[in-house]
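Undergrad: Take this structure first; my questions come after.
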Amino acid sequence: MRKLKSGVYGLNPLLDGGINENSSTVVIGCSGAGKTTFATQFIRRGLEAGQEGIFVSLDENKEQIIKEAIEMGWKRIIDYIEEERLVFIDASGQEFSTFIKKELPGFVADWKGGANARISIDPLTPVMWSVTDRYEQRELIGFMLKETRKVGTVLATLEEHGTAGDLSGGEAVIPMYLADCVIHLRNFVDSEAGLQRRLKVMKCRNSRHSKMEHSYSIVKGLGLVVNPGESRAEPSRAFPERLKNMLDEHKGRIPARVHQRIIEVLEELRDEDFNDMSPEEVVEEIIQEYED
Ligand SMILES: Nc1ncnc2c1ncn2[C@@H]1O[C@H](COP(=O)(O)OP(=O)(O)OP(=O)(O)O)[C@@H](O)[C@H]1O
Ligand SMILES: [Mg+2]
C-alpha cells in the first residue's frame with residue numbers, strides 16, 4: 001500500500017506513514033474544528049508533490065474558500081489555480097443528486113490527469129441531507145466516493161451535530177462504514193485551559209493506526225498541527241520476540257506450515273498488537289487449536 005503524506009503536520013505517524021493512495025478518508029468534526037482547513041492542507045500537500053488538486057465545495061462557493069485559504073496564510077493558492085493544477089467544482093446551491101449522478105461522472109470521464117490527483121469534498125453533509133431514505137443516502141455517498149476515487153485519493157469532510165464524540169448513531173454512520181479511513185476532530189472547552197482540540201483516528205484500513213487521542217492546534221500558515229506523542233517512538237517488539245522463542249520451543253506440537261506462517265508474520269508485529277494476553281497464553285491457545 002503506497003502512503004501519501006497527508007499535509008497535516010504530525011498526522012502521518014498516526015496513520016502508519018500517511019494516507020493510503022487511492023483511498024477515501026472522512027474527517028468528522030463540529031463547526032470550527034478545522035475540517036475545511038484539513039481538506040485544504042491535504043490538497044496543498046499534493047500540489048507541493050506535483051499532484052493535481054480538485055476541490056469539490058458543496059457549501060461555500062469557490063471565492064469564499066480561496067479567501068479563507070489566503071487568510072490562513074496560503075497565498076500561493078492563486079498561482080495553482082492560474083496554472084490549472086488546482087480545479088474547483090462548485091456544487092453549492094445545486095441539486096446534489098443530479099450533480100452526483102450526472103455532472104460528477106461527466107467530470108471524471110473528461111479528466112485527463114490519470115488517477116494521481118487529490119480530491120477534497122467539503123462538506124459531505126448536504127449530500128446526506130439531500131435524500132431522506134437511508135438506503136439512498138448510502139448509495140449516493142458510495143457512488144460519490146467511488147467516482148472520485150477514479151481520479152485519485154479522496155478526502156471528504158462531515159459535519160458532526162448533536163453530542164460531541166458520539167459517532168455511534170445518526171448520520172456519521174454511513175460515511176464511516178464506506179470510507180477507508182475515518183478521522184474525528186473533537187473540540188471542547190476546559191474551564192481552565194480554554195478551547196481544547198483532540199484528533200483521533202477511528203479507523204484506517206490496511207494500516208496499523210494510532211488508537212489514542214492526540215491534541216492539535218490550528219495555526220495560521222501551517223493549518224492543523226497534531227501532537228503525535230508516542231506514535232513517533234520506536235515501537236517495542238519484546239512480545240513478538242518472546243512469542244517466537246516460545247513457538248520454537250514447542251515446534252513439534254504445531255503443524256510445520258502453521259509454525260512457519262506465524263514466525264514470518266511475527267517479524268512485523270509489535271507489543272501494541274496484543275491486548276491483555278501474555279505470550280505464554282497466546283502460545284498455549286495456538287497449541288490447543290492443533291492438538292487432537
Ligand atoms: N487566521 C487564523 N489563525 C488561526 N486560526 C484560525 C485562523 N482562521 C481560522 N482559524 C481557526 O480555524 C477554525 C475554522 O476552521 P475551519 O473553517 O477549517 O473549520 P470547519 O470545521 O470547516 O468549520 P465549519 O463546520 O464551520 O465549516 C476557526 O474556528 C479558528 O479557530
Ligand atoms: Mg468548513
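Please note that chains go A, B, ... in the order of the C-alpha cells, that every chain numbers its residues from 1, and that ligands are numbered from 1 in the order shown.
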Kindly provide, as an NGL selection string, all nucleotide and amino acid residues lying within 12 Å of ligand 2, counting only C-alpha atoms and all ligand atoms.
TA: :A and (27-40 or 57-61 or 64-65 or 68-69 or 120-125 or 156-160)
Undergrad: Would you kindly return, as a ChimeraX atom specification, each protein, DNA or RNA residue with an atom no farther than 12 Å from any atom of A:Glu268, considering only C-alpha atoms and excluding same-chain residues fewer than 4 positions away?
TA: /A:208,235-237,239-241,244,262-264,272-273
Undergrad: Rank A:Leu185, A:Val225, A:Val173, A:Leu14 by their smallest atom-to-atom distance to A:Arg197, using only C-alpha atoms, and report the top residue only.
TA: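 Result for the nearest residue to A:Arg197: A:Leu185.
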Undergrad: List as a ChimeraX atom specification the protein and nucleic acid residues near stretch 6-11 of chain A, meaning an atom at most 10 Å away when only C-alpha atoms are counted, but skip any in the same chain fewer than 2 places from it.
TA: /A:3-4,13-20,37-46,48,199-201,210,214,216,222-229,231-232
Undergrad: List as a PDB file with all heavy atoms, in the first residue's frame the protein and nucleic acid residues near stretch 133-138 of chain A, meaning an atom at most 10 Å away when only C-alpha atoms are counted, but skip any in the same chain fewer than 2 places from it.
TA:
ATOM      1  N   SER A  97     -28.306  15.355  -5.975  1.00  0.00           N
ATOM      2  CA  SER A  97     -28.440  14.036  -6.562  1.00  0.00           C
ATOM      3  C   SER A  97     -28.139  14.086  -8.070  1.00  0.00           C
ATOM      4  O   SER A  97     -27.452  13.209  -8.606  1.00  0.00           O
ATOM      5  CB  SER A  97     -29.810  13.512  -6.174  1.00  0.00           C
ATOM      6  OG  SER A  97     -30.343  12.760  -7.113  1.00  0.00           O
ATOM      7  N   VAL A 127     -25.061  16.519   1.031  1.00  0.00           N
ATOM      8  CA  VAL A 127     -25.400  15.383   0.168  1.00  0.00           C
ATOM      9  C   VAL A 127     -26.234  14.378   0.970  1.00  0.00           C
ATOM     10  O   VAL A 127     -27.241  13.851   0.496  1.00  0.00           O
ATOM     11  CB  VAL A 127     -24.126  14.690  -0.384  1.00  0.00           C
ATOM     12  CG1 VAL A 127     -24.497  13.488  -1.236  1.00  0.00           C
ATOM     13  CG2 VAL A 127     -23.279  15.669  -1.173  1.00  0.00           C
ATOM     14  N   MET A 128     -25.816  14.151   2.212  1.00  0.00           N
ATOM     15  CA  MET A 128     -26.569  13.250   3.090  1.00  0.00           C
ATOM     16  C   MET A 128     -28.006  13.739   3.248  1.00  0.00           C
ATOM     17  O   MET A 128     -28.955  12.964   3.260  1.00  0.00           O
ATOM     18  CB  MET A 128     -25.937  13.220   4.487  1.00  0.00           C
ATOM     19  CG  MET A 128     -24.567  12.612   4.567  1.00  0.00           C
ATOM     20  SD  MET A 128     -24.613  10.833   4.432  1.00  0.00           S
ATOM     21  CE  MET A 128     -25.492  10.391   5.909  1.00  0.00           C
ATOM     22  N   TRP A 129     -28.122  15.051   3.409  1.00  0.00           N
ATOM     23  CA  TRP A 129     -29.432  15.623   3.686  1.00  0.00           C
ATOM     24  C   TRP A 129     -30.309  15.784   2.446  1.00  0.00           C
ATOM     25  O   TRP A 129     -31.492  16.077   2.557  1.00  0.00           O
ATOM     26  CB  TRP A 129     -29.257  16.998   4.362  1.00  0.00           C
ATOM     27  CG  TRP A 129     -28.764  16.887   5.759  1.00  0.00           C
ATOM     28  CD1 TRP A 129     -28.524  15.732   6.448  1.00  0.00           C
ATOM     29  CD2 TRP A 129     -28.439  17.962   6.644  1.00  0.00           C
ATOM     30  NE1 TRP A 129     -28.060  16.014   7.704  1.00  0.00           N
ATOM     31  CE2 TRP A 129     -27.997  17.376   7.856  1.00  0.00           C
ATOM     32  CE3 TRP A 129     -28.473  19.352   6.538  1.00  0.00           C
ATOM     33  CZ2 TRP A 129     -27.602  18.139   8.950  1.00  0.00           C
ATOM     34  CZ3 TRP A 129     -28.070  20.112   7.631  1.00  0.00           C
ATOM     35  CH2 TRP A 129     -27.644  19.514   8.819  1.00  0.00           C
ATOM     36  N   SER A 130     -29.711  15.623   1.274  1.00  0.00           N
ATOM     37  CA  SER A 130     -30.498  15.838   0.054  1.00  0.00           C
ATOM     38  C   SER A 130     -31.479  14.702  -0.192  1.00  0.00           C
ATOM     39  O   SER A 130     -32.413  14.830  -0.972  1.00  0.00           O
ATOM     40  CB  SER A 130     -29.564  16.015  -1.143  1.00  0.00           C
ATOM     41  OG  SER A 130     -28.896  14.801  -1.424  1.00  0.00           O
ATOM     42  N   VAL A 131     -31.235  13.561   0.458  1.00  0.00           N
ATOM     43  CA  VAL A 131     -32.197  12.457   0.381  1.00  0.00           C
ATOM     44  C   VAL A 131     -32.511  11.979   1.800  1.00  0.00           C
ATOM     45  O   VAL A 131     -31.649  12.029   2.669  1.00  0.00           O
ATOM     46  CB  VAL A 131     -31.664  11.270  -0.469  1.00  0.00           C
ATOM     47  CG1 VAL A 131     -31.724  11.589  -1.941  1.00  0.00           C
ATOM     48  CG2 VAL A 131     -30.251  10.893  -0.078  1.00  0.00           C
ATOM     49  N   LEU A 140     -25.802   7.061  -2.632  1.00  0.00           N
ATOM     50  CA  LEU A 140     -25.297   8.330  -3.149  1.00  0.00           C
ATOM     51  C   LEU A 140     -23.869   8.605  -2.682  1.00  0.00           C
ATOM     52  O   LEU A 140     -22.988   8.956  -3.475  1.00  0.00           O
ATOM     53  CB  LEU A 140     -26.236   9.460  -2.696  1.00  0.00           C
ATOM     54  CG  LEU A 140     -26.334  10.711  -3.556  1.00  0.00           C
ATOM     55  CD1 LEU A 140     -26.745  10.370  -4.978  1.00  0.00           C
ATOM     56  CD2 LEU A 140     -27.337  11.689  -2.944  1.00  0.00           C
ATOM     57  N   ILE A 141     -23.638   8.423  -1.384  1.00  0.00           N
ATOM     58  CA  ILE A 141     -22.300   8.658  -0.827  1.00  0.00           C
ATOM     59  C   ILE A 141     -21.317   7.632  -1.406  1.00  0.00           C
ATOM     60  O   ILE A 141     -20.209   7.981  -1.811  1.00  0.00           O
ATOM     61  CB  ILE A 141     -22.309   8.567   0.725  1.00  0.00           C
ATOM     62  CG1 ILE A 141     -23.262   9.605   1.331  1.00  0.00           C
ATOM     63  CG2 ILE A 141     -20.908   8.695   1.302  1.00  0.00           C
ATOM     64  CD1 ILE A 141     -22.835  11.036   1.207  1.00  0.00           C
ATOM     65  N   GLY A 142     -21.752   6.381  -1.462  1.00  0.00           N
ATOM     66  CA  GLY A 142     -20.903   5.314  -2.004  1.00  0.00           C
ATOM     67  C   GLY A 142     -20.528   5.596  -3.447  1.00  0.00           C
ATOM     68  O   GLY A 142     -19.364   5.467  -3.840  1.00  0.00           O
ATOM     69  N   PHE A 143     -21.499   6.044  -4.214  1.00  0.00           N
ATOM     70  CA  PHE A 143     -21.267   6.354  -5.626  1.00  0.00           C
ATOM     71  C   PHE A 143     -20.296   7.525  -5.768  1.00  0.00           C
ATOM     72  O   PHE A 143     -19.377   7.505  -6.578  1.00  0.00           O
ATOM     73  CB  PHE A 143     -22.600   6.684  -6.300  1.00  0.00           C
ATOM     74  CG  PHE A 143     -22.477   6.972  -7.775  1.00  0.00           C
ATOM     75  CD1 PHE A 143     -22.301   5.935  -8.682  1.00  0.00           C
ATOM     76  CD2 PHE A 143     -22.525   8.279  -8.248  1.00  0.00           C
ATOM     77  CE1 PHE A 143     -22.169   6.207 -10.041  1.00  0.00           C
ATOM     78  CE2 PHE A 143     -22.393   8.557  -9.597  1.00  0.00           C
ATOM     79  CZ  PHE A 143     -22.210   7.517 -10.501  1.00  0.00           C
ATOM     80  N   MET A 144     -20.492   8.530  -4.939  1.00  0.00           N
ATOM     81  CA  MET A 144     -19.642   9.716  -4.999  1.00  0.00           C
ATOM     82  C   MET A 144     -18.184   9.369  -4.674  1.00  0.00           C
ATOM     83  O   MET A 144     -17.262   9.802  -5.367  1.00  0.00           O
ATOM     84  CB  MET A 144     -20.164  10.758  -4.021  1.00  0.00           C
ATOM     85  CG  MET A 144     -19.477  12.083  -4.166  1.00  0.00           C
ATOM     86  SD  MET A 144     -20.277  13.318  -3.150  1.00  0.00           S
ATOM     87  CE  MET A 144     -19.504  14.781  -3.797  1.00  0.00           C
ATOM     88  N   GLU A 171     -26.111  10.355  11.410  1.00  0.00           N
ATOM     89  CA  GLU A 171     -25.680  10.475  10.022  1.00  0.00           C
ATOM     90  C   GLU A 171     -24.201  10.189   9.771  1.00  0.00           C
ATOM     91  O   GLU A 171     -23.787  10.070   8.626  1.00  0.00           O
ATOM     92  CB  GLU A 171     -26.020  11.862   9.510  1.00  0.00           C
ATOM     93  CG  GLU A 171     -25.345  12.947  10.311  1.00  0.00           C
ATOM     94  CD  GLU A 171     -26.078  14.275  10.190  1.00  0.00           C
ATOM     95  OE1 GLU A 171     -27.311  14.269  10.131  1.00  0.00           O
ATOM     96  OE2 GLU A 171     -25.401  15.294  10.157  1.00  0.00           O
ATOM     97  N   VAL A 173     -22.742   7.523  10.554  1.00  0.00           N
ATOM     98  CA  VAL A 173     -22.544   6.080  10.399  1.00  0.00           C
ATOM     99  C   VAL A 173     -22.282   5.655   8.955  1.00  0.00           C
ATOM    100  O   VAL A 173     -21.330   4.927   8.681  1.00  0.00           O
ATOM    101  CB  VAL A 173     -23.763   5.318  10.977  1.00  0.00           C
ATOM    102  CG1 VAL A 173     -23.697   3.852  10.635  1.00  0.00           C
ATOM    103  CG2 VAL A 173     -23.784   5.486  12.484  1.00  0.00           C
ATOM    104  N   ILE A 174     -23.075   6.134   8.019  1.00  0.00           N
ATOM    105  CA  ILE A 174     -22.936   5.669   6.629  1.00  0.00           C
ATOM    106  C   ILE A 174     -21.559   6.019   6.059  1.00  0.00           C
ATOM    107  O   ILE A 174     -20.833   5.127   5.617  1.00  0.00           O
ATOM    108  CB  ILE A 174     -24.096   6.188   5.745  1.00  0.00           C
ATOM    109  CG1 ILE A 174     -25.406   5.530   6.185  1.00  0.00           C
ATOM    110  CG2 ILE A 174     -23.836   5.902   4.267  1.00  0.00           C
ATOM    111  CD1 ILE A 174     -26.654   6.088   5.533  1.00  0.00           C
ATOM    112  N   PRO A 175     -21.155   7.293   6.092  1.00  0.00           N
ATOM    113  CA  PRO A 175     -19.816   7.600   5.567  1.00  0.00           C
ATOM    114  C   PRO A 175     -18.705   6.878   6.318  1.00  0.00           C
ATOM    115  O   PRO A 175     -17.695   6.488   5.736  1.00  0.00           O
ATOM    116  CB  PRO A 175     -19.686   9.115   5.757  1.00  0.00           C
ATOM    117  CG  PRO A 175     -21.066   9.611   5.907  1.00  0.00           C
ATOM    118  CD  PRO A 175     -21.857   8.507   6.499  1.00  0.00           C
ATOM    119  N   TYR A 177     -18.733   3.848   7.550  1.00  0.00           N
ATOM    120  CA  TYR A 177     -18.605   2.482   7.035  1.00  0.00           C
ATOM    121  C   TYR A 177     -18.017   2.466   5.638  1.00  0.00           C
ATOM    122  O   TYR A 177     -17.238   1.592   5.286  1.00  0.00           O
ATOM    123  CB  TYR A 177     -19.968   1.768   7.039  1.00  0.00           C
ATOM    124  CG  TYR A 177     -20.267   1.137   8.364  1.00  0.00           C
ATOM    125  CD1 TYR A 177     -21.075   1.775   9.295  1.00  0.00           C
ATOM    126  CD2 TYR A 177     -19.710  -0.098   8.701  1.00  0.00           C
ATOM    127  CE1 TYR A 177     -21.329   1.213  10.529  1.00  0.00           C
ATOM    128  CE2 TYR A 177     -19.960  -0.677   9.928  1.00  0.00           C
ATOM    129  CZ  TYR A 177     -20.778  -0.019  10.845  1.00  0.00           C
ATOM    130  OH  TYR A 177     -21.012  -0.584  12.052  1.00  0.00           O
ATOM    131  N   LEU A 178     -18.388   3.458   4.827  1.00  0.00           N
ATOM    132  CA  LEU A 178     -17.953   3.445   3.433  1.00  0.00           C
ATOM    133  C   LEU A 178     -16.502   3.882   3.258  1.00  0.00           C
ATOM    134  O   LEU A 178     -15.836   3.451   2.333  1.00  0.00           O
ATOM    135  CB  LEU A 178     -18.869   4.344   2.589  1.00  0.00           C
ATOM    136  CG  LEU A 178     -20.320   3.878   2.464  1.00  0.00           C
ATOM    137  CD1 LEU A 178     -21.138   4.907   1.705  1.00  0.00           C
ATOM    138  CD2 LEU A 178     -20.424   2.520   1.780  1.00  0.00           C
TER     139      LEU A 178
END
